[in-house]
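Student: This is the content of start-v9.tsv (TSV, C-alpha atoms):
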chain	number	residue	atom	x	y	z
L	147	MET	CA	18.67	-67.02	7.33
L	148	ALA	CA	21.58	-66.83	9.77
L	149	ASN	CA	19.10	-66.04	12.57
L	150	ARG	CA	17.15	-69.23	11.87
L	151	GLU	CA	20.33	-71.31	11.89
L	152	ALA	CA	21.42	-69.70	15.16
L	153	LEU	CA	17.98	-70.41	16.66
L	154	ARG	CA	18.16	-74.04	15.53
L	155	GLU	CA	21.61	-74.36	17.11
L	156	LEU	CA	20.35	-72.83	20.36
L	157	GLN	CA	17.33	-75.16	20.38
L	158	ALA	CA	19.61	-78.14	19.79
L	159	ARG	CA	21.92	-77.07	22.65
L	160	LEU	CA	18.94	-76.52	24.97
L	161	ALA	CA	17.47	-79.93	24.07
L	162	LYS	CA	20.86	-81.58	24.64
L	163	ARG	CA	21.27	-79.88	28.03
L	164	LEU	CA	17.73	-80.82	29.04
L	165	GLN	CA	18.32	-84.45	28.07
L	166	ALA	CA	21.66	-84.46	29.92
L	167	SER	CA	20.01	-83.00	33.00
L	168	GLN	CA	17.46	-85.80	33.05
L	169	THR	CA	20.07	-88.53	32.73
L	170	GLU	CA	22.65	-86.94	35.05
L	171	GLY	CA	20.20	-85.76	37.69
L	172	MET	CA	21.04	-82.08	37.19
L	173	SER	CA	18.26	-79.80	38.38
L	174	VAL	CA	16.97	-77.66	35.50
L	175	SER	CA	13.86	-75.77	36.38
L	176	TRP	CA	13.49	-72.76	34.10
L	177	LEU	CA	13.88	-71.41	30.61
L	178	ALA	CA	15.55	-68.01	31.00
L	179	VAL	CA	14.32	-65.33	28.59
L	180	LYS	CA	14.73	-61.60	28.13
L	181	ALA	CA	11.79	-59.39	27.25
L	182	GLY	CA	11.50	-55.62	27.29
L	183	GLY	CA	14.90	-55.22	28.92
L	184	HIS	CA	13.97	-57.49	31.84
L	185	ASN	CA	14.93	-61.04	32.77
L	186	TYR	CA	12.28	-63.71	33.26
L	187	LEU	CA	12.26	-67.38	34.22
L	188	LEU	CA	9.58	-69.58	32.65
L	189	PRO	CA	9.04	-72.95	34.42
L	190	LEU	CA	10.06	-75.75	32.06
L	191	GLY	CA	7.08	-77.88	33.05
L	192	GLN	CA	4.76	-75.09	31.92
L	193	SER	CA	6.71	-74.10	28.78
L	194	GLY	CA	6.42	-75.65	25.37
L	195	GLU	CA	8.22	-75.26	22.07
L	196	ILE	CA	10.53	-72.40	21.08
L	197	VAL	CA	10.19	-71.07	17.53
L	198	ALA	CA	11.30	-68.03	15.59
L	199	LEU	CA	8.72	-65.30	15.27
L	200	SER	CA	7.62	-65.29	11.63
L	201	ASN	CA	4.45	-64.90	9.59
L	202	LEU	CA	2.63	-63.21	12.43
L	203	GLN	CA	-0.90	-62.22	11.42
L	204	PRO	CA	-2.26	-59.19	13.29
L	205	VAL	CA	-5.70	-59.32	14.88
L	206	PRO	CA	-7.74	-56.12	14.58
L	207	TYR	CA	-9.41	-54.56	17.61
L	208	SER	CA	-7.18	-56.34	20.12
L	209	LYS	CA	-5.06	-55.05	22.99
L	210	ALA	CA	-1.63	-53.61	22.15
L	211	TRP	CA	0.14	-56.49	23.90
L	212	PHE	CA	-1.70	-59.10	21.80
L	213	LYS	CA	0.46	-59.21	18.69
L	214	GLY	CA	-1.62	-61.57	16.56
L	215	VAL	CA	-1.72	-65.23	15.62
L	216	ILE	CA	0.90	-67.58	14.26
L	217	ASN	CA	0.75	-71.05	12.72
L	218	ILE	CA	3.08	-73.48	14.49
L	219	ARG	CA	3.11	-76.99	13.03
L	220	GLY	CA	-0.48	-76.65	11.88
L	221	GLY	CA	-1.79	-75.24	15.16
L	222	LEU	CA	-3.01	-71.67	15.56
L	223	PHE	CA	-1.47	-69.82	18.54
L	224	GLY	CA	-2.23	-66.37	19.89
L	225	VAL	CA	0.99	-64.38	20.42
L	226	VAL	CA	1.29	-62.23	23.53
L	227	ASP	CA	4.15	-59.75	23.91
L	228	LEU	CA	5.37	-60.85	27.35
L	229	ALA	CA	6.99	-57.51	28.24
L	230	GLY	CA	4.02	-55.51	26.98
L	231	PHE	CA	1.53	-57.62	28.93
L	232	ILE	CA	3.55	-57.46	32.14
L	233	GLY	CA	4.02	-53.71	31.76
L	234	ALA	CA	0.29	-53.21	31.24
L	235	HIS	CA	-0.60	-55.24	34.34
L	236	GLY	CA	1.55	-53.98	37.19
L	237	GLY	CA	5.00	-55.19	36.24
L	238	ALA	CA	8.04	-53.31	34.99
L	239	SER	CA	7.58	-51.14	31.93
L	240	PRO	CA	9.25	-52.58	28.83
L	241	SER	CA	12.27	-51.03	27.18
L	242	PRO	CA	12.33	-50.32	23.42
L	243	ALA	CA	11.61	-53.25	21.12
L	244	PRO	CA	14.49	-55.42	19.88
L	245	LEU	CA	15.77	-55.38	16.33
L	246	ALA	CA	13.57	-57.20	13.85
L	247	GLY	CA	14.38	-60.87	13.47
L	248	GLU	CA	15.66	-61.37	17.03
L	249	ALA	CA	12.35	-62.18	18.67
L	250	SER	CA	11.23	-65.72	19.42
L	251	VAL	CA	8.05	-67.19	20.77
L	252	VAL	CA	7.71	-69.77	23.53
L	253	THR	CA	4.50	-71.77	23.41
L	254	LEU	CA	2.74	-72.73	26.60
L	255	ASN	CA	2.65	-76.39	27.54
L	256	ALA	CA	-0.35	-78.16	26.02
L	257	LEU	CA	-1.39	-79.27	29.53
L	258	LEU	CA	-2.30	-75.62	30.28
L	259	GLU	CA	-4.95	-75.91	27.53
L	260	VAL	CA	-4.31	-72.44	26.08
L	261	ASN	CA	-3.05	-72.12	22.50
L	262	CYS	CA	-0.78	-69.25	23.28
L	263	ALA	CA	2.82	-68.28	22.66
L	264	LEU	CA	4.80	-65.62	24.49
L	265	GLN	CA	6.92	-63.26	22.41
L	266	VAL	CA	10.35	-62.72	23.98
L	267	ASP	CA	13.31	-60.65	22.81
L	268	SER	CA	15.92	-63.36	23.32
L	269	LEU	CA	16.59	-66.70	24.94
L	270	ALA	CA	19.15	-66.93	27.75
L	271	GLY	CA	19.30	-70.71	28.20
L	272	LEU	CA	18.27	-73.10	30.94
L	273	ARG	CA	18.65	-72.33	34.63
L	274	GLY	CA	18.52	-74.48	37.73
L	275	SER	CA	18.25	-73.42	41.34
L	276	ASP	CA	22.02	-73.82	41.67
L	277	ALA	CA	22.49	-70.85	39.29
L	278	PHE	CA	21.14	-68.42	41.89
L	279	ARG	CA	22.64	-67.17	45.12
L	280	SER	CA	19.48	-65.73	46.67
L	281	THR	CA	15.73	-65.66	46.27
L	282	ALA	CA	12.91	-63.47	47.53
L	283	PRO	CA	9.15	-63.91	47.24
L	284	ALA	CA	7.20	-61.51	45.03
L	285	THR	CA	5.92	-58.47	46.88
L	286	PRO	CA	2.13	-58.04	47.24
L	287	ASP	CA	2.08	-55.12	44.79
L	288	ARG	CA	3.41	-57.31	41.94
L	289	PRO	CA	1.15	-59.17	39.49
L	290	ALA	CA	-0.43	-62.38	40.82
L	291	PHE	CA	1.39	-64.49	38.21
L	292	PHE	CA	4.84	-63.45	39.47
L	293	GLY	CA	6.70	-66.09	41.44
L	294	ASN	CA	9.95	-65.63	43.30
L	295	CYS	CA	12.64	-63.18	42.30
L	296	PHE	CA	16.09	-64.76	41.97
L	297	ILE	CA	19.54	-63.15	42.01
L	298	ASP	CA	22.25	-64.98	40.10
L	299	SER	CA	25.97	-65.14	40.92
L	300	GLU	CA	26.61	-61.98	38.89
L	301	GLY	CA	23.99	-60.00	40.82
L	302	VAL	CA	21.45	-60.03	37.97
L	303	SER	CA	17.78	-60.21	38.98
L	304	TRP	CA	15.47	-62.81	37.36
L	305	GLN	CA	11.70	-62.76	37.85
L	306	GLU	CA	9.87	-66.08	37.76
L	307	VAL	CA	6.58	-66.04	35.81
L	308	ASN	CA	4.09	-68.75	36.79
L	309	LEU	CA	2.55	-69.60	33.41
L	310	ARG	CA	-0.34	-71.54	34.95
L	311	ALA	CA	-1.32	-68.49	37.03
L	312	LEU	CA	-0.81	-66.28	33.97
L	313	THR	CA	-3.29	-68.33	31.91
L	314	GLN	CA	-5.87	-67.94	34.68
L	315	PHE	CA	-5.32	-64.20	35.07
L	316	PRO	CA	-8.58	-62.58	33.81
L	317	ALA	CA	-6.87	-59.89	31.72
L	318	PHE	CA	-4.75	-62.51	29.92
L	319	LEU	CA	-7.88	-64.14	28.56
L	320	SER	CA	-9.41	-60.83	27.44
L	321	ILE	CA	-7.66	-59.59	24.31
L	322	GLY	CA	-10.41	-57.33	22.97
L	323	ALA	CA	-9.55	-53.63	22.86
Please lay out the structure from this file as structure tokens.

Tutor:
Amino acid sequence: MANREALRELQARLAKRLQASQTEGMSVSWLAVKAGGHNYLLPLGQSGEIVALSNLQPVPYSKAWFKGVINIRGGLFGVVDLAGFIGAHGGASPSPAPLAGEASVVTLNALLEVNCALQVDSLAGLRGSDAFRSTAPATPDRPAFFGNCFIDSEGVSWQEVNLRALTQFPAFLSIGA
């Protein structure tokens, strides 16, 4: 119960910061998440709703990174373990799973026309370009859906994930084992 209240408080803070950024002209570009021990940036324009991971229904005969389906406000969404998918398709291998109850899902923006949610270990807030001191383009050996890699003021690396490119990646659309 405490986890749900904490998630609601985080969602309220994020919504308040997003609204403030729009009225004050602050540049907020990404939702920062952690998955599999790695840091990722999801473009806000391609991200949707954030909800707690609950009542997940497994889907038999699907890939290991496809965790199942979840009902969010009456809509059925496929849940993809972001770290597991990235690890299986040329990205960094995920670290051990988080403790139960910590995971959240981030739905993809409805404009992407894919009823999908990405399972992440934790939310790290909103980030704008001013939060980073350097950037580098993704190397050719990285997955096609990787954008730039950013380094924040503390020297922590954040990998941008282009959700539009992710939804068009052939393996993402093929969940059958």

Student: So how many Å separate CA of Ser250 in chain L and CA of Arg219 in chain L, to one decimal?

Tutor: 15.3 Å

Student: Taking (21.0, -69.8, 27.6) in the file's own coordinates, collect the residues within 7 Å, counting all atoms listed in the file, and hand them back as a PyMOL selection string.

Tutor: chain L and resi 178+269-272

Student: Which one is closest to Thr313 in chain L: L:Val251, L:Leu199, L:Leu264, L:Leu187? Count all atoms listed in the file.

Tutor: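 Answer, going by the shortest atom-to-atom distance: L:Leu264.
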
Student: Any idea what's packed within 7 Å of Phe292 in chain L, counting only C-alpha atoms, ignoring anything in its chain fewer than 6 positions away? Could you give it as a ChimeraX atom specification?

Tutor: /L:284,306-308

Student: For the atom pair CA of Ser200 in chain L and CA of Ala249 in chain L, what is the interatomic distance in Å to one decimal place?

Tutor: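 A separation of 9.0 Å between them.
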
Student: Report, in Å with one decimal, the straight-line distance from CA of Ser320 in chain L to CA of Phe212 in chain L.

Tutor: 9.7 Å

Student: Can you tell me, as a list of chain:residue names, which residues sit within 7 Å of (-3.0, -62.5, 16.7) in the file's frame, using only C-alpha atoms?

Tutor: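 It turns out the residues near that spot are L:Gln203, L:Pro204, L:Val205, L:Phe212, L:Lys213, L:Gly214, L:Val215, L:Ile216, L:Gly224, L:Val225.
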
Student: For Glu248 in chain L, which residue among L:Arg279, L:Lys180, L:Arg288, L:Arg273 is the nearest when counting only C-alpha atoms?

Tutor: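 Closest candidate: L:Lys180.
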
Student: Check the smallest atom-to-atom distance from each of L:Phe291, L:Leu254, L:Phe223, L:Pro283 to Gln314 in chain L using only C-alpha atoms, then report the winner.

Tutor: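 For Gln314 in chain L, the nearest of the candidates is L:Phe291.
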
Student: Ranking L:Ala277, L:Ala181, L:Leu319, L:Val260 by minimum distance to Val302 in chain L and counting only C-alpha atoms, which one comes first?

Tutor: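 Ranking L:Ala277, L:Ala181, L:Leu319, L:Val260 by distance to Val302 in chain L, first place goes to L:Ala277.
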
Student: Neighbouring residues of Gly236 in chain L were defined as those with any atom within 12 Å, considering only C-alpha atoms; residues of the same chain fewer than 5 positions away were excluded. Please report them as a PDB file with C-alpha atoms, in the coordinates of the input.

Tutor:
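Listing of result-v1.pdb after writing:
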ATOM      1  CA  ALA L 229       6.990 -57.510  28.240  1.00  0.00           C
ATOM      2  CA  GLY L 230       4.020 -55.510  26.980  1.00  0.00           C
ATOM      3  CA  PHE L 231       1.530 -57.620  28.930  1.00  0.00           C
ATOM      4  CA  THR L 285       5.920 -58.470  46.880  1.00  0.00           C
ATOM      5  CA  PRO L 286       2.130 -58.040  47.240  1.00  0.00           C
ATOM      6  CA  ASP L 287       2.080 -55.120  44.790  1.00  0.00           C
ATOM      7  CA  ARG L 288       3.410 -57.310  41.940  1.00  0.00           C
ATOM      8  CA  PRO L 289       1.150 -59.170  39.490  1.00  0.00           C
ATOM      9  CA  ALA L 290      -0.430 -62.380  40.820  1.00  0.00           C
ATOM     10  CA  PHE L 291       1.390 -64.490  38.210  1.00  0.00           C
ATOM     11  CA  PHE L 292       4.840 -63.450  39.470  1.00  0.00           C
ATOM     12  CA  ALA L 317      -6.870 -59.890  31.720  1.00  0.00           C
TER      13      ALA L 317
END

Student: Give the answer as one residue: which of L:Gly183, L:Ala282, L:Val197, L:Asp267 has the shortest atom-to-atom distance to Asn294 in chain L, using all atoms listed in the file?

Tutor: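 Closest residue, counting all atoms listed in the file: L:Ala282.
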
Student: Would you please work out which residue, of L:Ser268, L:Thr281, L:Ser299, L:Thr253, is nearest to Ser193 in chain L when using only C-alpha atoms?

Tutor: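 The shortest atom-to-atom distance to Ser193 in chain L comes from L:Thr253.
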